[in-house]
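> Just passing along the structure, written as C-alpha cells.
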Amino acid sequence: MRIATPAFLIVAVLLLPGCGEPAPEGATVIHAARLYTAPDREPVDDAVVLIVDGRIAAAGPSAKISTRGAAALEQCDGGTVVAGFQNSHVHFIDPRFDEAASKPAEELTAALDDMLNRYGFTTVVDTASNLANTASLRNRIDAGEIPGPRILTAGGALYPRNGIPIYLRDLPPEILATLSQPGSVEEALPIVQANLDGGADATKLFLMTPQGGGRYAFMQPEIALAAADETHRRGLLVLAHPTDIEGINLAIEAGVDVLVHTTIGEGRTIWEPALIEQMVSKNLAVVPTLQLCPYELNRAGLEPRIVELATADAVEQVRAFAKAGGQVLFGTDVGYMSEYDPAEEYRLMARALSPVEILASLTTAPASRWKEEARRGRIDAGLDADLVVLEADPAGDAANFAKVRCTIRGGRLIHGRKGG
Ligand SMILES: [Zn+2]
C-alpha cells in the first residue's frame, strides 16, 4: 500500500540542514557564517562549502546544498570563508629552510606554518632564493609529506654588473659568489635558461640597485630585454625589483610583467599620472610591499615623521595605480622581512584600497596574472579547494585578513586552530 507523503513534510525535510540528498562519497563540508565566493560577488550568510577529491563540489546557502553524510571540519566552522590567498613576494632564504632536501619534516612544517600557512597562503611566489633548495622544499610539499603552500619560484635573480645591492652585502661570501651579475647578453642568456630549465617559474631582475652614498647600479637595457624575451618565449613571467622611477622605466622598456615593490626614495617618490598610464597600458602589475617601507626606514633609524611621509607616498602610489586600472598583487617580502604577521600590510593597503580590492589582490588578480583563473582564485564548483577561514569579516577591518582560523589547500587542512 502506498502512503502519500504530505507536501509540508517534504519541504520540512529539504530545509533541514544536512538532510535531503546525500552528499557525494568522500565529501567534506565547511559551514560558513559568511562566504565570499569572489571579490566581485555579494557575500552569502549561513553558507556551506562542499569539498570532494580536493576540489570544490558546491558552495552557497546552506539551505540549498545537501551535505548529509559529509565529514565535518568542525574547528573551521563558523567563520568568514574566502578563497586561498597568494602572497606574491616571499623568500625561502631563512636558515630554517636550509638543506630542505634532508631537514626533518617537523622542522620545515613549523617554519612554513610560522611564515605562511597560518596566514592563509595557499600559493606563494618566491622572488629569489637558491633554486635547488627551494625546489627540494616544493617537492616535499607536493608529495604531501609537509603541509604547505604551492610554491612558484623565480629561483636565482639577475643583478646589474657589479650591482649587488648594499643591503645584501652582509651575506656570507659563498652566497654572494652565487649571485649572477652578467655583463652582456651572451653571459645573461645561459643563466636565465639554466634557471628556467632547473624548474624556475619566472625570471627575477634587479634593474636598479642602491650602492650606498646615493649611487646606483643599473642593469643594461639589452640584458633586461633579452632575459624577458627568453622568459616570455616559454610562456613564463618576468618579475622586477625597481628601487626607483628609473627602475620602473627600465621595467616598462623590457616588458616586465610584475614589479615586486612600490618605490621609496630618500625624498618624495610620486608616481606621476603619465608614468602610471604607461604602466597600466603595458599591463604591468605591482606588488605593494607597503609594510616593508616603515620596517626598513625604522631600522635605518629615520625620524617617525620621515617614515610616515615615505609610507604615505607608497600608499599613494598604490591608490593612484589601482584607480587607473592597474593590477595589484598582494605581497610582503616575508622571508627577507623577519616580521611574519601581515596585519600591518593589510592596514596600510586599506588606506589605498577597499576590502574587496584587497581580497582581489590576494585571490582573483594573482590567479589571472599566472593564467590559472580556471583552477583557483574563486570558490566555484570544479576549482581547487584552496580556502581560508577568517575569524571575522575583513569588510569591517582589513586586519581581519590576518586572523586566520583555518587554511585549506587542495581540500587538505594545512593550518587549523587546535581545540575546536
Ligand atoms: Zn624580496
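Here, A, B, ... name the chains of the C-alpha cells in the order displayed, residue numbers run from 1 inside each chain, and ligands are numbered from 1 in the same displayed order.
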Within 12 Å of ligand 1 (counting only C-alpha atoms and all ligand atoms), which residues show up? I'd like them as a VMD selection string.
chain A and resid 87 to 93 125 to 129 153 to 154 156 to 157 165 167 to 168 204 to 206 239 to 243 259 to 262 287 to 289 292 331 to 338
> Could you please write out, as a ChimeraX atom specification, every residue of stretch 20-203 of chain A that DSSP assigns to alpha helix (DSSP H)?
/A:105-115,131-142,173-176,185-197
> Could you pull the residues within 12 Å of A:Leu297, counting only C-alpha atoms, minus those fewer than 4 positions along the same chain, as a list in words?
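Once the adjacent positions are removed, what remains is Ile264, Gly265, Glu266, Leu290, Gln291, Leu292, Cys293, Gly301, Leu302, Glu303, Pro304, Arg305, Ile306, Val307, Glu308, Leu309, Ala310 and Thr311 of chain A.
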> For the residues selected in the previous step, produce a file with N, CA and C atoms as a compact mmCIF listing (two decimals), in the first residue's frame.

```txt
# COMPACT_ATOMS: atom_id res chain seq x y z
N ILE A 264 60.42 53.53 -2.71
CA ILE A 264 60.64 54.50 -1.63
C ILE A 264 62.01 55.12 -1.85
N GLY A 265 62.06 56.43 -1.80
CA GLY A 265 63.34 57.11 -2.03
C GLY A 265 63.77 57.89 -0.80
N GLU A 266 64.87 58.63 -0.98
CA GLU A 266 65.33 59.45 0.14
C GLU A 266 64.48 60.71 0.24
N LEU A 290 53.93 47.33 1.23
CA LEU A 290 53.89 48.62 1.94
C LEU A 290 54.51 48.54 3.33
N GLN A 291 54.29 47.42 4.00
CA GLN A 291 54.79 47.24 5.37
C GLN A 291 56.32 47.31 5.41
N LEU A 292 56.95 46.96 4.30
CA LEU A 292 58.41 46.97 4.22
C LEU A 292 58.96 48.39 4.36
N CYS A 293 58.17 49.38 3.96
CA CYS A 293 58.63 50.77 4.00
C CYS A 293 58.93 51.21 5.44
N GLY A 301 66.78 53.97 11.35
CA GLY A 301 66.82 55.00 12.38
C GLY A 301 66.27 56.34 11.95
N LEU A 302 65.42 56.37 10.91
CA LEU A 302 64.85 57.65 10.45
C LEU A 302 63.78 58.14 11.43
N GLU A 303 63.59 59.44 11.44
CA GLU A 303 62.56 60.05 12.30
C GLU A 303 61.19 59.53 11.92
N PRO A 304 60.31 59.36 12.91
CA PRO A 304 58.95 58.88 12.61
C PRO A 304 58.22 59.73 11.55
N ARG A 305 58.46 61.03 11.58
CA ARG A 305 57.77 61.92 10.62
C ARG A 305 58.19 61.57 9.17
N ILE A 306 59.49 61.31 8.97
CA ILE A 306 60.02 60.98 7.65
C ILE A 306 59.47 59.60 7.22
N VAL A 307 59.44 58.66 8.18
CA VAL A 307 58.94 57.31 7.88
C VAL A 307 57.49 57.41 7.42
N GLU A 308 56.70 58.21 8.10
CA GLU A 308 55.28 58.32 7.73
C GLU A 308 55.12 58.99 6.36
N LEU A 309 55.96 59.98 6.06
CA LEU A 309 55.86 60.64 4.75
C LEU A 309 56.18 59.65 3.62
N ALA A 310 57.24 58.87 3.80
CA ALA A 310 57.63 57.89 2.77
C ALA A 310 56.55 56.82 2.63
N THR A 311 55.99 56.38 3.78
CA THR A 311 54.93 55.36 3.73
C THR A 311 53.70 55.92 3.02
```
> May I have the residues within 9 Å of A:Ala27 as a PyMOL selection string, using only C-alpha atoms and disregarding those fewer than 4 positions away in the same chain?
chain A and resi 23+50-53+57+67+69-72
> Using backbone DSSP assignments, extract all strand (DSSP E or B) residues from stretch 107-247 of chain A; output them as a PyMOL selection string.
chain A and resi 121-126+150-153+158+180+202-206+208-212+215-218+237-241
> Please list as a compact mmCIF listing (two decimals) with all heavy atoms, in the first residue's frame every residue within 12 Å of A:Val238, counting only C-alpha atoms and excluding residues in the same chain fewer than 2 positions away.

```txt
# COMPACT_ATOMS: atom_id res chain seq x y z
N VAL A 125 54.75 33.19 -4.23
CA VAL A 125 55.76 33.41 -5.25
C VAL A 125 57.06 33.78 -4.54
O VAL A 125 57.15 34.82 -3.89
CB VAL A 125 55.36 34.54 -6.22
CG1 VAL A 125 56.44 34.74 -7.27
CG2 VAL A 125 54.02 34.24 -6.88
N THR A 127 60.46 35.17 -4.82
CA THR A 127 61.01 36.05 -5.85
C THR A 127 62.54 36.07 -5.89
O THR A 127 63.10 36.94 -6.54
CB THR A 127 60.48 37.49 -5.70
OG1 THR A 127 60.96 38.03 -4.47
CG2 THR A 127 58.96 37.54 -5.71
N THR A 153 58.44 29.75 -8.01
CA THR A 153 59.71 30.38 -7.66
C THR A 153 60.41 31.02 -8.86
O THR A 153 60.30 30.52 -9.98
CB THR A 153 60.68 29.37 -6.98
OG1 THR A 153 61.90 30.06 -6.64
CG2 THR A 153 61.00 28.19 -7.88
N ALA A 154 61.11 32.12 -8.58
CA ALA A 154 61.95 32.75 -9.61
C ALA A 154 63.37 32.20 -9.54
O ALA A 154 64.22 32.57 -10.36
CB ALA A 154 61.98 34.27 -9.42
N GLY A 155 63.65 31.34 -8.56
CA GLY A 155 65.00 30.79 -8.42
C GLY A 155 66.02 31.90 -8.21
O GLY A 155 65.78 32.85 -7.47
N ALA A 157 68.13 35.25 -8.94
CA ALA A 157 67.85 36.52 -9.62
C ALA A 157 69.07 36.99 -10.42
O ALA A 157 70.17 36.48 -10.22
CB ALA A 157 67.46 37.58 -8.60
N LEU A 158 68.83 37.93 -11.32
CA LEU A 158 69.92 38.59 -12.06
C LEU A 158 70.11 40.00 -11.52
O LEU A 158 69.13 40.74 -11.33
CB LEU A 158 69.56 38.70 -13.55
CG LEU A 158 70.20 37.69 -14.50
CD1 LEU A 158 69.77 36.28 -14.12
CD2 LEU A 158 69.82 37.99 -15.95
N VAL A 192 69.77 32.64 -17.51
CA VAL A 192 68.30 32.63 -17.49
C VAL A 192 67.79 31.25 -17.90
O VAL A 192 66.90 30.67 -17.26
CB VAL A 192 67.75 33.71 -18.46
CG1 VAL A 192 66.25 33.59 -18.63
CG2 VAL A 192 68.12 35.11 -17.96
N LEU A 196 65.54 28.54 -15.66
CA LEU A 196 64.19 28.09 -16.06
C LEU A 196 64.21 26.58 -16.33
O LEU A 196 63.27 25.86 -15.96
CB LEU A 196 63.70 28.87 -17.28
CG LEU A 196 63.54 30.38 -17.05
CD1 LEU A 196 63.17 31.09 -18.35
CD2 LEU A 196 62.49 30.69 -15.97
N ALA A 200 62.55 26.85 -12.42
CA ALA A 200 62.01 28.15 -12.02
C ALA A 200 60.77 28.47 -12.85
O ALA A 200 60.67 28.06 -14.01
CB ALA A 200 63.06 29.24 -12.18
N ASP A 201 59.83 29.20 -12.24
CA ASP A 201 58.57 29.54 -12.89
C ASP A 201 58.57 30.96 -13.43
O ASP A 201 57.58 31.41 -14.01
CB ASP A 201 57.42 29.44 -11.87
CG ASP A 201 57.37 28.07 -11.23
OD1 ASP A 201 56.89 27.15 -11.88
OD2 ASP A 201 57.85 27.92 -10.08
N ALA A 202 59.66 31.70 -13.18
CA ALA A 202 59.72 33.11 -13.55
C ALA A 202 61.17 33.53 -13.55
O ALA A 202 62.03 32.82 -13.04
CB ALA A 202 58.93 33.96 -12.55
N THR A 203 61.44 34.73 -14.12
CA THR A 203 62.78 35.33 -14.06
C THR A 203 62.69 36.60 -13.25
O THR A 203 61.77 37.40 -13.45
CB THR A 203 63.28 35.64 -15.49
OG1 THR A 203 63.42 34.41 -16.19
CG2 THR A 203 64.63 36.36 -15.45
N LYS A 204 63.63 36.77 -12.33
CA LYS A 204 63.64 37.98 -11.48
C LYS A 204 64.84 38.85 -11.82
O LYS A 204 65.98 38.38 -11.80
CB LYS A 204 63.70 37.55 -10.01
CG LYS A 204 64.06 38.65 -9.02
CD LYS A 204 62.90 39.58 -8.71
CE LYS A 204 63.30 40.67 -7.72
NZ LYS A 204 63.52 40.17 -6.37
N LEU A 205 64.55 40.11 -12.12
CA LEU A 205 65.61 41.06 -12.49
C LEU A 205 65.70 42.19 -11.47
O LEU A 205 64.69 42.82 -11.15
CB LEU A 205 65.29 41.68 -13.87
CG LEU A 205 65.03 40.71 -15.02
CD1 LEU A 205 64.59 41.50 -16.27
CD2 LEU A 205 66.27 39.88 -15.32
N PHE A 206 66.90 42.42 -10.94
CA PHE A 206 67.15 43.63 -10.16
C PHE A 206 67.61 44.68 -11.18
O PHE A 206 68.73 44.61 -11.67
CB PHE A 206 68.23 43.39 -9.10
CG PHE A 206 67.73 42.70 -7.87
CD1 PHE A 206 67.56 41.32 -7.86
CD2 PHE A 206 67.42 43.42 -6.72
CE1 PHE A 206 67.10 40.67 -6.72
CE2 PHE A 206 66.95 42.77 -5.59
CZ PHE A 206 66.79 41.40 -5.58
N LEU A 207 66.74 45.61 -11.53
CA LEU A 207 67.03 46.54 -12.63
C LEU A 207 67.87 47.72 -12.17
O LEU A 207 68.62 48.30 -12.96
CB LEU A 207 65.72 47.03 -13.24
CG LEU A 207 64.90 45.93 -13.91
CD1 LEU A 207 63.52 46.46 -14.29
CD2 LEU A 207 65.62 45.37 -15.13
N ALA A 224 68.23 43.15 -19.85
CA ALA A 224 66.87 43.01 -19.31
C ALA A 224 65.92 42.54 -20.41
O ALA A 224 65.09 41.63 -20.20
CB ALA A 224 66.40 44.33 -18.72
N LEU A 225 66.06 43.12 -21.59
CA LEU A 225 65.17 42.77 -22.70
C LEU A 225 65.37 41.32 -23.15
O LEU A 225 64.41 40.58 -23.36
CB LEU A 225 65.44 43.73 -23.87
CG LEU A 225 64.45 43.71 -25.02
CD1 LEU A 225 63.06 44.11 -24.54
CD2 LEU A 225 64.91 44.66 -26.14
N ALA A 226 66.63 40.90 -23.26
CA ALA A 226 66.92 39.52 -23.70
C ALA A 226 66.41 38.51 -22.67
O ALA A 226 65.84 37.47 -23.03
CB ALA A 226 68.42 39.35 -23.92
N ALA A 227 66.61 38.83 -21.38
CA ALA A 227 66.14 37.93 -20.32
C ALA A 227 64.62 37.83 -20.36
O ALA A 227 64.04 36.73 -20.21
CB ALA A 227 66.61 38.44 -18.96
N ALA A 228 63.96 38.97 -20.56
CA ALA A 228 62.49 38.98 -20.60
C ALA A 228 61.98 38.20 -21.82
O ALA A 228 61.04 37.41 -21.70
CB ALA A 228 61.99 40.42 -20.63
N ASP A 229 62.62 38.40 -22.97
CA ASP A 229 62.18 37.71 -24.19
C ASP A 229 62.29 36.19 -24.03
O ASP A 229 61.40 35.45 -24.41
CB ASP A 229 63.00 38.17 -25.40
CG ASP A 229 62.57 39.55 -25.89
OD1 ASP A 229 61.54 40.04 -25.39
OD2 ASP A 229 63.27 40.13 -26.73
N GLU A 230 63.41 35.75 -23.47
CA GLU A 230 63.62 34.31 -23.30
C GLU A 230 62.54 33.73 -22.35
O GLU A 230 62.03 32.63 -22.57
CB GLU A 230 65.02 34.05 -22.72
CG GLU A 230 65.33 32.58 -22.41
CD GLU A 230 65.29 31.67 -23.63
OE1 GLU A 230 65.44 32.15 -24.78
OE2 GLU A 230 65.08 30.45 -23.44
N THR A 231 62.21 34.48 -21.31
CA THR A 231 61.22 34.03 -20.33
C THR A 231 59.83 33.99 -20.97
O THR A 231 59.08 33.01 -20.81
CB THR A 231 61.24 34.96 -19.10
OG1 THR A 231 62.59 35.08 -18.65
CG2 THR A 231 60.37 34.42 -17.98
N HIS A 232 59.49 35.04 -21.69
CA HIS A 232 58.17 35.11 -22.35
C HIS A 232 58.02 34.04 -23.42
O HIS A 232 56.93 33.52 -23.64
CB HIS A 232 57.95 36.51 -22.95
CG HIS A 232 57.73 37.56 -21.90
ND1 HIS A 232 58.10 38.87 -22.07
CD2 HIS A 232 57.19 37.48 -20.66
CE1 HIS A 232 57.78 39.57 -20.98
NE2 HIS A 232 57.24 38.74 -20.11
N ARG A 233 59.11 33.73 -24.12
CA ARG A 233 59.09 32.70 -25.16
C ARG A 233 58.60 31.37 -24.57
O ARG A 233 57.99 30.55 -25.25
CB ARG A 233 60.51 32.56 -25.72
CG ARG A 233 60.64 31.87 -27.07
CD ARG A 233 62.08 31.89 -27.54
NE ARG A 233 63.01 31.19 -26.66
CZ ARG A 233 63.11 29.87 -26.52
NH1 ARG A 233 62.32 29.07 -27.21
NH2 ARG A 233 63.98 29.34 -25.69
N ARG A 234 58.87 31.17 -23.26
CA ARG A 234 58.46 29.93 -22.59
C ARG A 234 57.11 30.08 -21.89
O ARG A 234 56.69 29.20 -21.14
CB ARG A 234 59.51 29.54 -21.54
CG ARG A 234 60.89 29.27 -22.14
CD ARG A 234 61.90 29.13 -21.02
NE ARG A 234 63.25 28.94 -21.52
CZ ARG A 234 64.06 27.93 -21.16
NH1 ARG A 234 63.63 27.02 -20.30
NH2 ARG A 234 65.27 27.84 -21.63
N GLY A 235 56.46 31.23 -22.11
CA GLY A 235 55.14 31.45 -21.50
C GLY A 235 55.19 31.77 -20.02
O GLY A 235 54.20 31.61 -19.30
N LEU A 236 56.36 32.23 -19.54
CA LEU A 236 56.52 32.49 -18.10
C LEU A 236 56.60 34.00 -17.83
O LEU A 236 56.63 34.80 -18.77
CB LEU A 236 57.78 31.77 -17.60
CG LEU A 236 57.75 30.25 -17.80
CD1 LEU A 236 59.09 29.62 -17.44
CD2 LEU A 236 56.63 29.61 -16.98
N ALA A 240 60.35 42.10 -11.52
CA ALA A 240 61.48 43.03 -11.38
C ALA A 240 61.41 43.84 -10.10
O ALA A 240 60.35 44.19 -9.61
CB ALA A 240 61.53 43.98 -12.58
N HIS A 241 62.62 44.10 -9.60
CA HIS A 241 62.81 44.96 -8.44
C HIS A 241 63.21 46.32 -8.99
O HIS A 241 64.26 46.45 -9.60
CB HIS A 241 63.94 44.34 -7.59
CG HIS A 241 64.20 45.05 -6.32
ND1 HIS A 241 63.92 44.51 -5.10
CD2 HIS A 241 64.72 46.28 -6.08
CE1 HIS A 241 64.24 45.35 -4.15
NE2 HIS A 241 64.75 46.44 -4.71
N ALA A 251 61.86 48.69 -16.48
CA ALA A 251 60.91 47.56 -16.49
C ALA A 251 59.92 47.69 -17.64
O ALA A 251 59.62 46.71 -18.33
CB ALA A 251 60.17 47.51 -15.16
N ILE A 252 59.44 48.91 -17.86
CA ILE A 252 58.49 49.14 -18.95
C ILE A 252 59.16 48.82 -20.29
O ILE A 252 58.59 48.13 -21.13
CB ILE A 252 57.96 50.59 -18.91
CG1 ILE A 252 57.08 50.79 -17.67
CG2 ILE A 252 57.22 50.94 -20.19
CD1 ILE A 252 56.71 52.24 -17.39
N ALA A 254 61.65 46.84 -20.90
CA ALA A 254 61.99 45.42 -21.08
C ALA A 254 60.75 44.54 -21.22
O ALA A 254 60.87 43.37 -21.58
CB ALA A 254 62.85 44.95 -19.91
N GLY A 255 59.57 45.08 -20.91
CA GLY A 255 58.36 44.25 -20.98
C GLY A 255 58.17 43.38 -19.76
O GLY A 255 57.62 42.27 -19.83
N VAL A 256 58.60 43.88 -18.60
CA VAL A 256 58.43 43.16 -17.33
C VAL A 256 56.94 43.01 -17.03
O VAL A 256 56.12 43.86 -17.39
CB VAL A 256 59.16 43.94 -16.21
CG1 VAL A 256 58.71 43.51 -14.83
CG2 VAL A 256 60.67 43.81 -16.37
N ASP A 257 56.56 41.90 -16.35
CA ASP A 257 55.16 41.64 -16.02
C ASP A 257 54.76 42.14 -14.64
O ASP A 257 53.64 42.58 -14.44
CB ASP A 257 54.89 40.13 -16.09
CG ASP A 257 55.22 39.58 -17.46
OD1 ASP A 257 54.45 39.87 -18.40
OD2 ASP A 257 56.26 38.90 -17.61
N VAL A 258 55.67 41.98 -13.66
CA VAL A 258 55.31 42.29 -12.27
C VAL A 258 56.44 43.07 -11.60
O VAL A 258 57.59 42.62 -11.58
CB VAL A 258 55.07 40.99 -11.45
CG1 VAL A 258 54.70 41.33 -10.00
CG2 VAL A 258 53.99 40.12 -12.09
N LEU A 259 56.10 44.24 -11.04
CA LEU A 259 57.04 44.96 -10.18
C LEU A 259 56.82 44.44 -8.77
O LEU A 259 55.69 44.49 -8.27
CB LEU A 259 56.75 46.47 -10.18
CG LEU A 259 57.13 47.29 -11.39
CD1 LEU A 259 56.81 48.75 -11.11
CD2 LEU A 259 58.60 47.13 -11.74
N VAL A 260 57.87 43.97 -8.12
CA VAL A 260 57.69 43.30 -6.83
C VAL A 260 57.69 44.27 -5.65
O VAL A 260 57.57 43.83 -4.50
CB VAL A 260 58.71 42.17 -6.61
CG1 VAL A 260 58.56 41.10 -7.67
CG2 VAL A 260 60.13 42.71 -6.56
N LEU A 284 51.51 46.08 -16.59
CA LEU A 284 52.47 45.81 -15.52
C LEU A 284 51.72 45.73 -14.19
O LEU A 284 50.98 46.64 -13.86
CB LEU A 284 53.48 46.97 -15.51
CG LEU A 284 54.70 46.93 -14.61
CD1 LEU A 284 55.56 45.70 -14.91
CD2 LEU A 284 55.53 48.20 -14.84
N ALA A 285 51.88 44.63 -13.47
CA ALA A 285 51.26 44.50 -12.15
C ALA A 285 52.22 45.00 -11.07
O ALA A 285 53.43 45.03 -11.29
CB ALA A 285 50.90 43.05 -11.88
N ARG A 369 46.88 36.66 -13.25
CA ARG A 369 48.24 37.00 -13.70
C ARG A 369 49.04 35.74 -14.03
O ARG A 369 49.84 35.72 -14.96
CB ARG A 369 48.94 37.84 -12.61
CG ARG A 369 50.36 38.22 -12.88
CD ARG A 369 50.58 39.06 -14.12
NE ARG A 369 49.80 40.26 -14.22
CZ ARG A 369 50.05 41.25 -15.08
NH1 ARG A 369 51.08 41.19 -15.91
NH2 ARG A 369 49.25 42.29 -15.15
N TRP A 370 48.80 34.67 -13.26
CA TRP A 370 49.52 33.41 -13.50
C TRP A 370 48.73 32.49 -14.44
O TRP A 370 49.03 31.30 -14.55
CB TRP A 370 49.86 32.73 -12.17
CG TRP A 370 50.93 33.49 -11.45
CD1 TRP A 370 50.74 34.55 -10.61
CD2 TRP A 370 52.35 33.31 -11.54
NE1 TRP A 370 51.97 35.04 -10.19
CE2 TRP A 370 52.96 34.30 -10.73
CE3 TRP A 370 53.17 32.40 -12.23
CZ2 TRP A 370 54.36 34.41 -10.59
CZ3 TRP A 370 54.55 32.51 -12.09
CH2 TRP A 370 55.13 33.50 -11.28
```
> Need to verify the contact set: A:Gln181, 7 Å, only C-alpha atoms, exclusion of same-chain residues closer than 6 positions in sequence. Can you return it as a list in words?
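Surrounding residues, per the criterion: Leu158, Tyr159, Pro160, Arg161, Asn162 and Gly163 of chain A.
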> Calculated over only C-alpha atoms, which of the candidates A:Ala324, A:Leu35, A:Ile164, A:Ile414 has the smallest distance to A:Ile141?
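Closest residue, counting only C-alpha atoms: A:Ile414.
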> Enter the distance from atom CA of A:Ala101 to atom CA of A:Asn133, in Å, rounded to one decimal.
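Separating atom CA of A:Ala101 from atom CA of A:Asn133 is a distance of 7.0 Å.
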> Can you tell me, as a count of residues only, what residues are no more than 12 Å from A:Arg412 when counting only C-alpha atoms, ignoring any on the same chain fewer than 5 positions away?
25
> Rounded to one decimal place, report the atom CA of A:Pro273-atom CA of A:Gln317 distance in Å.
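These atoms are spaced 10.0 Å apart.
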